[in-house]
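Trainee: One structure is given below, represented as structure tokens, and several questions about it will come after.
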There are 2 protein chains.
Amino acid sequence: MKITSYTLLTGLLFGSLLGCQNTQTTNPDVQTSQQLQQAALDSDLAYELVESLTVEVGPRLAGSDKDPIAVKWAEDKLNSLGFDKVYKEPVKVPVWERGDATATVISPYPQGLVITALGGSVATPTDGITAPIVRFETLSALKSAPEGSLNGKIAFIDHKTERHTTGKGYGKTVGGRSRGAVAAATKGALAIVIRSIGTDHDRMAHTGAMRYQDDVQRIPAAALSSPDADQLNLMLKRNSKVVLNLKMSPQSYGYTTSYNVIAEITGSSKPEEIVLTGAHLESWDEGTGALDDGAGVGIVTAAGKLIQDLPQKPARTVRIVLYAAEELGLIGGKAYAKDHKGELDKHYIAAESDFGAGLIYQIDYRVSEQAFKDVLSLSAPMSANGVAMGTNTASGGPDVSMLPKQGVPVASLRQDGRDYFDYHHTPNDTLDKVNPESLKQNVAAYAQFAYLMAQSEIDLRPIVAK
Amino acid sequence: MKITSYTLLTGLLFGSLLGCQNTQTTNPDVQTSQQLQQAALDSDLAYELVESLTVEVGPRLAGSDKDPIAVKWAEDKLNSLGFDKVYKEPVKVPVWERGDATATVISPYPQGLVITALGGSVATPTDGITAPIVRFETLSALKSAPEGSLNGKIAFIDHKTERHTTGKGYGKTVGGRSRGAVAAATKGALAIVIRSIGTDHDRMAHTGAMRYQDDVQRIPAAALSSPDADQLNLMLKRNSKVVLNLKMSPQSYGYTTSYNVIAEITGSSKPEEIVLTGAHLESWDEGTGALDDGAGVGIVTAAGKLIQDLPQKPARTVRIVLYAAEELGLIGGKAYAKDHKGELDKHYIAAESDFGAGLIYQIDYRVSEQAFKDVLSLSAPMSANGVAMGTNTASGGPDVSMLPKQGVPVASLRQDGRDYFDYHHTPNDTLDKVNPESLKQNVAAYAQFAYLMAQSEIDLRPIVAK
């Protein structure tokens, strides 16, 4: 599947590129954007950046010992690339350590299951929690359980995540991860385990952030790998009473300071206006954060470097923001929106790359009704890189998703994410999963996008309502 | 790749089956074998057996607490299926526990790597072994290192396993796993880590048996996952001095008794002559032993059940042997060969299923020159099930591989193993990796094979020299 779809899209891409060579244009912005595209497709910089970050820093959970090492890596790298400005802005982040996690079926079929703690979970007592499992198809089904019906039990949400190019299956199941503990505790549960929010069949559990609620008991929360959720189901089909021992030792240690790390190519004629491209610097702790979001860091940084190296800088400033603590609740994105409130009206447009390294097949915008057609015309040179012109419904990506409500236009450069949730938030998020060729296509798209937006004479505001 | 190849083979298979329906035969053995084939393709029994073994018993390392549970499972299952005889034979097996294993890069890029102990390895001291890594492309390269050149070092064999339908890549690299510790200790190494003997890119290490030698220092031995071996390489390219801390706590506890579990369909006219089909009952401890070798257990048991249920039993006895402790060095197979030495001349032919659940594409034999052509003619009905007639060079499978030198003919029913080493000896060897449809095709092949051999009037001996 992977090879076939990639070949197909690559075929489309090169078909488009060949078509492009016959197109003559005298618009200098279009010509420059075409040169950026070609330069991106010829450059290994993005892959070199992902390799450097994942090998030399590796896992870099926000608030962990590795987080300042990642920040230092980013500052050094952005400085060495010669950006006009490089600086960092402090962000308050929680400190949480994963500790160990084991789940053991005590009866009727004693054996271990593979789990991992959800991010932010509290620990179990040292001897663990031993209790019968109660299975639910979905978070909704759990919410419909009678009050007190989970007293003395461990809840199990067994919702399978569907595979889609857009990743939309994730949106349907992730509520069980983020809000399942509160729902289960409300019904009296001692703990909750969920089927991993992922599309793979690997015996690796997918972590990810979960939330508590002040007025509800905080119970331990963990994810089972997909084969282990299957295993639990097959046990429950044979015997409705499956007793599990759950041991987890995560710890929270208050807060520390991390940083959004920022680089800029100063605009030549409208330096106070900003085209923002972002990615998040930190990662979960079990993989090396190659797809999530080393790829994004490589893409927006390499795209920025191509613009930095142009003989003529674009009109507006291109700002590259490498966000802190996205995984722990868009913390860096929220801090940026707050700290830059005064200049958000000068943000021409914003976009974040945070969906791995799959080929970009479409660009969506969120701009004014009037501007939408013009902005698509302006973006037309991106189609030679395999990027179709899309809709006016973009969200922009996690760390810029709060900007549209402040009036800031955004774009979503849609990546083929059909494999993304095979690896997302697992130990398997490693460099070998990053396709160097599709990474180049991403850089080409971001470079063209950022340059064309920085030169655009279209008024994008007021953006359409959601 | 998986879907494509499976679809292709299934197409061939059904094409052959359709062809077969037009073939009229009056040979009652051929007709019975065709009925067995069809009954197998209509039966879920093999999958039900694999599911029962992997869910109700799960991991079942020889010598562990789960081993007697697996033996009990097998006896109960074979009895419930109504075989003419069910019995077990004691086998002395070592007791080894995996314990924990961590590998941490201390410098220059501190981070954890994913490893697992090789089976039989000794432990490190409690604080681990901290030493620089020395990388070798292959076991041969390590053997060529100067004497004493690894004093105070950890050896690293970084040999990649190639993917092949036949699994032949494994044979090229597995020596590094089984004999690497002795080779490294001979050169003075404190420990050895190897790139996992596997074809996947999952962050899971592949375990497997390793051996020590009486006159050579016993050093700890572990496997790195493929992405972690990549990671170590990329560090070594940046800095030739990579220091690793290796902590492992496996323990050996002497020996205990396990069992070969055996079922028979008593032959109608030559009950003392034996057609042996086997698989191994135990598994490694990290997966649930679905492909290795739950599938084999399901295949030969379900095939035997179809023969047991025939209105007319075949001439020879069909003996199903579920071997103990294959993973720890063919211990059950060797014990069987020794204990049954007196009747090996009555073993008409033997074959073991121990290569997962991929479709069988060919049958090879090892019989006399004169018999080979006749035995292929006799096996011709198997071709309607997608099984091509092969060579006269079979080894028969691990637990029967020692029988040819005692003169016993063997057959190898060759399975498509191109994915087998993605999962082999990892936590990922779970039920979801077993394709129920290809399992049926395997049962059909083994049922036809065992029945035709049990009825055969060909003299298969003396077998060709290796």
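Chain identifiers are assigned as A, B, and so on, following the order in which chains appear in the structure tokens; residues are numbered from 1 within each chain, and ligands are numbered from 1 in order of appearance.
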If we count only C-alpha atoms and set the cut-off at 7 Å, which residues sit around range 68-71 of chain A, ignoring sequence neighbours fewer than 6 positions away in its own chain? Please answer as a ChimeraX atom specification.

Mentor: /A:57,60,258-259,261

Trainee: Listing only residues of chain A within 7 Å of chain B, what is the closest atom pair and its distance in Å (to one decimal) for each, using only C-alpha atoms, sorted by chain and residue number ascending, as CSV?

Mentor:
```
residue,atom,partner,partner_atom,distance
A:Val55,CA,B:Gln231,CA,6.3
A:Glu56,CA,B:Tyr109,CA,5.3
A:Val57,CA,B:Tyr109,CA,6.5
A:Gly58,CA,B:Gln111,CA,6.6
A:Tyr109,CA,B:Glu56,CA,5.3
A:Gln111,CA,B:Gly58,CA,6.6
A:Asp202,CA,B:Asn428,CA,5.9
A:Arg203,CA,B:Asn428,CA,5.2
A:Pro227,CA,B:Asp432,CA,6.7
A:Gln231,CA,B:Val55,CA,6.3
A:Leu234,CA,B:Val55,CA,6.9
A:Met235,CA,B:Val55,CA,6.7
A:Pro427,CA,B:Arg203,CA,6.2
A:Asn428,CA,B:Arg203,CA,5.2
A:Thr430,CA,B:Pro227,CA,6.7
A:Asp432,CA,B:Pro227,CA,6.7
```

Trainee: Please produce a file of those selected residues containing N, CA, C and O atoms, as a compact mmCIF listing (two decimals), in the first residue's frame.

Mentor:
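What follows is the written file out-v2.txt:
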```txt
# COMPACT_ATOMS: atom_id res chain seq x y z
N VAL A 55 19.11 12.00 16.13
CA VAL A 55 20.30 11.26 16.56
C VAL A 55 21.00 11.99 17.71
O VAL A 55 21.34 11.38 18.72
N GLU A 56 21.19 13.29 17.56
CA GLU A 56 22.03 14.02 18.52
C GLU A 56 21.25 14.42 19.77
O GLU A 56 21.83 14.60 20.84
N VAL A 57 19.93 14.61 19.61
CA VAL A 57 19.10 14.92 20.78
C VAL A 57 18.24 13.70 21.13
O VAL A 57 18.21 13.26 22.27
N GLY A 58 17.56 13.15 20.15
CA GLY A 58 16.70 11.98 20.41
C GLY A 58 15.39 12.40 21.05
O GLY A 58 14.89 13.52 20.80
N TYR A 109 -6.52 -16.11 32.32
CA TYR A 109 -5.40 -16.56 31.48
C TYR A 109 -4.17 -15.72 31.78
O TYR A 109 -3.85 -14.78 31.05
N GLN A 111 -1.07 -13.65 32.00
CA GLN A 111 -0.01 -13.25 31.07
C GLN A 111 0.09 -11.72 31.07
O GLN A 111 -0.83 -11.03 31.47
N ASP A 202 1.07 -3.26 15.58
CA ASP A 202 2.31 -3.54 16.30
C ASP A 202 2.05 -3.62 17.79
O ASP A 202 1.16 -2.94 18.31
N ARG A 203 2.86 -4.44 18.45
CA ARG A 203 2.67 -4.59 19.89
C ARG A 203 3.40 -3.46 20.62
O ARG A 203 4.32 -3.68 21.41
N PRO A 227 -2.64 -5.33 19.41
CA PRO A 227 -2.76 -6.77 19.63
C PRO A 227 -3.16 -7.12 21.06
O PRO A 227 -3.82 -8.14 21.28
N GLN A 231 -6.32 -9.19 22.38
CA GLN A 231 -6.14 -10.30 23.32
C GLN A 231 -7.16 -10.21 24.47
O GLN A 231 -7.79 -11.19 24.83
N LEU A 234 -10.55 -11.22 23.24
CA LEU A 234 -10.72 -12.67 23.05
C LEU A 234 -10.85 -13.37 24.40
O LEU A 234 -11.54 -14.37 24.53
N MET A 235 -10.19 -12.81 25.43
CA MET A 235 -10.38 -13.36 26.78
C MET A 235 -11.80 -13.10 27.27
O MET A 235 -12.46 -13.99 27.82
N PRO A 427 7.21 4.11 20.38
CA PRO A 427 8.66 3.97 20.21
C PRO A 427 9.06 3.89 18.73
O PRO A 427 10.21 4.13 18.38
N ASN A 428 8.12 3.54 17.88
CA ASN A 428 8.39 3.37 16.45
C ASN A 428 8.52 4.67 15.68
O ASN A 428 8.77 4.64 14.47
N THR A 430 10.65 6.79 14.56
CA THR A 430 12.11 6.89 14.40
C THR A 430 12.46 7.29 12.97
O THR A 430 11.60 7.24 12.07
N ASP A 432 13.92 6.10 10.40
CA ASP A 432 13.69 5.24 9.23
C ASP A 432 12.27 5.38 8.68
O ASP A 432 12.01 4.93 7.56
```

Trainee: DSSP on the backbone: what in range 317-402 of chain A comes out helix (DSSP H, G or I), as a PyMOL selection string?

Mentor: chain A and resi 331-339+341-346+369-385+398-400

Trainee: State, in Å with one decimal place, the distance from CA of Tyr253 in chain B to CA of Leu61 in chain B.

Mentor: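 Computed distance, CA of Tyr253 in chain B to CA of Leu61 in chain B, equals 13.7 Å.
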
Trainee: Once DSSP has gone over the backbone, tell me which residues of range 283-426 of chain A are in strand (DSSP E), as a list in words.

Mentor: Arg316, Thr317, Val318, Arg319, Ile320, Val321, Leu322, Tyr323, His347, Tyr348, Ile349, Ala350, Ala351, Glu352, Ile360, Tyr361, Gln362, Ile363, Asp364, Tyr365, Arg366, Ala388, Met389, Val410, Ala411, Ser412, Leu413, Arg414 and Gln415 of chain A

Trainee: Quick one: write out the picked residues with N, CA and C atoms as a short mmCIF file (atom, residue, chain, number, x, y, z; two decimals), in the first residue's frame?

Mentor:
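Saved file out-v5.cif follows:
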```cif
data_model
loop_
_atom_site.label_atom_id
_atom_site.label_comp_id
_atom_site.auth_asym_id
_atom_site.auth_seq_id
_atom_site.Cartn_x
_atom_site.Cartn_y
_atom_site.Cartn_z
N ARG A 316 7.45 40.75 3.08
CA ARG A 316 7.13 40.54 4.50
C ARG A 316 8.21 39.69 5.18
N THR A 317 8.21 39.75 6.51
CA THR A 317 9.07 38.89 7.32
C THR A 317 8.50 37.47 7.33
N VAL A 318 9.38 36.50 7.12
CA VAL A 318 9.00 35.09 7.30
C VAL A 318 9.53 34.65 8.66
N ARG A 319 8.62 34.24 9.51
CA ARG A 319 8.98 33.85 10.88
C ARG A 319 8.77 32.34 11.05
N ILE A 320 9.82 31.66 11.46
CA ILE A 320 9.76 30.22 11.70
C ILE A 320 9.69 30.01 13.20
N VAL A 321 8.62 29.40 13.65
CA VAL A 321 8.45 29.19 15.09
C VAL A 321 8.51 27.69 15.39
N LEU A 322 9.49 27.31 16.20
CA LEU A 322 9.60 25.92 16.66
C LEU A 322 9.04 25.88 18.09
N TYR A 323 7.81 25.38 18.18
CA TYR A 323 7.04 25.51 19.41
C TYR A 323 7.48 24.54 20.50
N HIS A 347 0.03 39.61 11.55
CA HIS A 347 0.29 38.25 11.04
C HIS A 347 -0.52 38.08 9.76
N TYR A 348 0.18 38.05 8.65
CA TYR A 348 -0.51 37.97 7.37
C TYR A 348 -1.18 36.60 7.22
N ILE A 349 -0.44 35.53 7.57
CA ILE A 349 -0.97 34.16 7.51
C ILE A 349 -0.03 33.27 8.32
N ALA A 350 -0.58 32.13 8.79
CA ALA A 350 0.20 31.18 9.59
C ALA A 350 -0.13 29.75 9.19
N ALA A 351 0.87 28.88 9.28
CA ALA A 351 0.66 27.45 8.97
C ALA A 351 1.67 26.63 9.76
N GLU A 352 1.24 25.46 10.25
CA GLU A 352 2.16 24.56 10.96
C GLU A 352 2.25 23.21 10.25
N ILE A 360 2.51 16.30 0.38
CA ILE A 360 1.42 17.28 0.46
C ILE A 360 0.61 17.19 -0.83
N TYR A 361 -0.67 16.91 -0.68
CA TYR A 361 -1.51 16.74 -1.88
C TYR A 361 -2.45 17.92 -2.10
N GLN A 362 -2.60 18.81 -1.10
CA GLN A 362 -3.58 19.89 -1.23
C GLN A 362 -3.25 21.01 -0.25
N ILE A 363 -3.55 22.24 -0.66
CA ILE A 363 -3.47 23.35 0.30
C ILE A 363 -4.85 23.94 0.49
N ASP A 364 -5.23 24.06 1.75
CA ASP A 364 -6.48 24.72 2.14
C ASP A 364 -6.11 26.04 2.81
N TYR A 365 -7.02 27.01 2.67
CA TYR A 365 -6.81 28.32 3.31
C TYR A 365 -7.96 28.61 4.26
N ARG A 366 -7.75 29.57 5.10
CA ARG A 366 -8.88 30.22 5.79
C ARG A 366 -8.63 31.72 5.72
N ALA A 388 -2.67 20.29 -4.91
CA ALA A 388 -3.93 20.76 -5.48
C ALA A 388 -4.46 21.95 -4.67
N MET A 389 -5.24 22.76 -5.33
CA MET A 389 -5.87 23.90 -4.66
C MET A 389 -7.14 23.41 -3.98
N VAL A 410 -5.09 31.50 8.12
CA VAL A 410 -4.22 30.33 8.22
C VAL A 410 -4.31 29.50 6.95
N ALA A 411 -3.34 28.62 6.79
CA ALA A 411 -3.36 27.65 5.69
C ALA A 411 -3.02 26.28 6.26
N SER A 412 -3.58 25.24 5.63
CA SER A 412 -3.24 23.85 5.99
C SER A 412 -2.68 23.19 4.74
N LEU A 413 -1.43 22.83 4.79
CA LEU A 413 -0.81 22.10 3.69
C LEU A 413 -1.00 20.62 4.00
N ARG A 414 -1.99 20.02 3.34
CA ARG A 414 -2.48 18.69 3.71
C ARG A 414 -1.53 17.59 3.27
N GLN A 415 -1.07 16.81 4.24
CA GLN A 415 -0.15 15.70 3.94
C GLN A 415 -0.90 14.37 3.88
#
```

Trainee: Out of A:Leu45, A:Met210, A:Ala184, A:Leu328, which residue has the shortest atom-to-atom distance to Ala295 in chain A when counting only C-alpha atoms?

Mentor: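 Checking each candidate against Ala295 in chain A, we get A:Leu45 as the closest.
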
Trainee: Could you pull the residues within 8 Å of Leu81 in chain B, counting only C-alpha atoms, minus those fewer than 3 positions along the same chain, as a compact mmCIF listing (two decimals) with N, CA, C and O atoms, in the first residue's frame?

Mentor:
```
# COMPACT_ATOMS: atom_id res chain seq x y z
N LYS B 77 -6.37 -30.65 24.41
CA LYS B 77 -6.91 -30.34 23.07
C LYS B 77 -6.87 -31.57 22.19
O LYS B 77 -7.85 -31.89 21.50
N LEU B 78 -5.75 -32.28 22.22
CA LEU B 78 -5.62 -33.47 21.37
C LEU B 78 -6.61 -34.55 21.81
O LEU B 78 -7.21 -35.23 20.98
N LYS B 305 -6.61 -34.05 12.42
CA LYS B 305 -8.03 -34.24 12.78
C LYS B 305 -8.86 -34.62 11.55
O LYS B 305 -9.75 -35.48 11.64
```

Trainee: If we count only C-alpha atoms and set the cut-off at 9 Å, which residues sit around Ile463 in chain B, ignoring sequence neighbours fewer than 6 positions away in its own chain? Please answer as a PyMOL selection string.

Mentor: chain B and resi 366-369+371+404+407-410

Trainee: Write out as a VMD selection string each polymer residue whose atoms come within 12 Å of range 25-30 of chain B, counting only C-alpha atoms; drop sequence neighbours fewer than 5 positions from it.

Mentor: chain B and resid 20 35 to 37 310 312 to 315 377 to 384 448 to 457

Trainee: Give me the residues within 7 Å of Pro220 in chain B as a PDB file with N, CA and C atoms, in the first residue's frame, counting only C-alpha atoms and dropping any in the same chain fewer than 2 places off.

Mentor:
```pdb
ATOM      1  N   SER B 121      21.699 -15.871  27.495  1.00  0.00           N
ATOM      2  CA  SER B 121      22.748 -14.927  27.908  1.00  0.00           C
ATOM      3  C   SER B 121      22.886 -14.870  29.425  1.00  0.00           C
ATOM      4  N   VAL B 122      24.109 -14.600  29.859  1.00  0.00           N
ATOM      5  CA  VAL B 122      24.357 -14.289  31.265  1.00  0.00           C
ATOM      6  C   VAL B 122      24.004 -12.821  31.513  1.00  0.00           C
ATOM      7  N   ALA B 123      23.942 -12.458  32.791  1.00  0.00           N
ATOM      8  CA  ALA B 123      23.631 -11.084  33.198  1.00  0.00           C
ATOM      9  C   ALA B 123      24.888 -10.220  33.194  1.00  0.00           C
ATOM     10  N   THR B 124      24.674  -8.910  33.189  1.00  0.00           N
ATOM     11  CA  THR B 124      25.760  -7.968  33.458  1.00  0.00           C
ATOM     12  C   THR B 124      25.836  -7.780  34.977  1.00  0.00           C
ATOM     13  N   ALA B 191      31.147  -7.549  26.312  1.00  0.00           N
ATOM     14  CA  ALA B 191      29.751  -7.870  25.992  1.00  0.00           C
ATOM     15  C   ALA B 191      29.604  -7.744  24.482  1.00  0.00           C
ATOM     16  N   ILE B 192      28.466  -8.225  23.975  1.00  0.00           N
ATOM     17  CA  ILE B 192      28.185  -8.071  22.553  1.00  0.00           C
ATOM     18  C   ILE B 192      26.740  -7.636  22.354  1.00  0.00           C
ATOM     19  N   ARG B 218      32.126 -16.235  29.360  1.00  0.00           N
ATOM     20  CA  ARG B 218      30.718 -16.013  29.012  1.00  0.00           C
ATOM     21  C   ARG B 218      30.399 -14.531  29.168  1.00  0.00           C
ATOM     22  N   ALA B 222      23.104  -9.278  23.641  1.00  0.00           N
ATOM     23  CA  ALA B 222      21.770  -8.694  23.433  1.00  0.00           C
ATOM     24  C   ALA B 222      21.599  -8.292  21.984  1.00  0.00           C
TER      25      ALA B 222
END
```
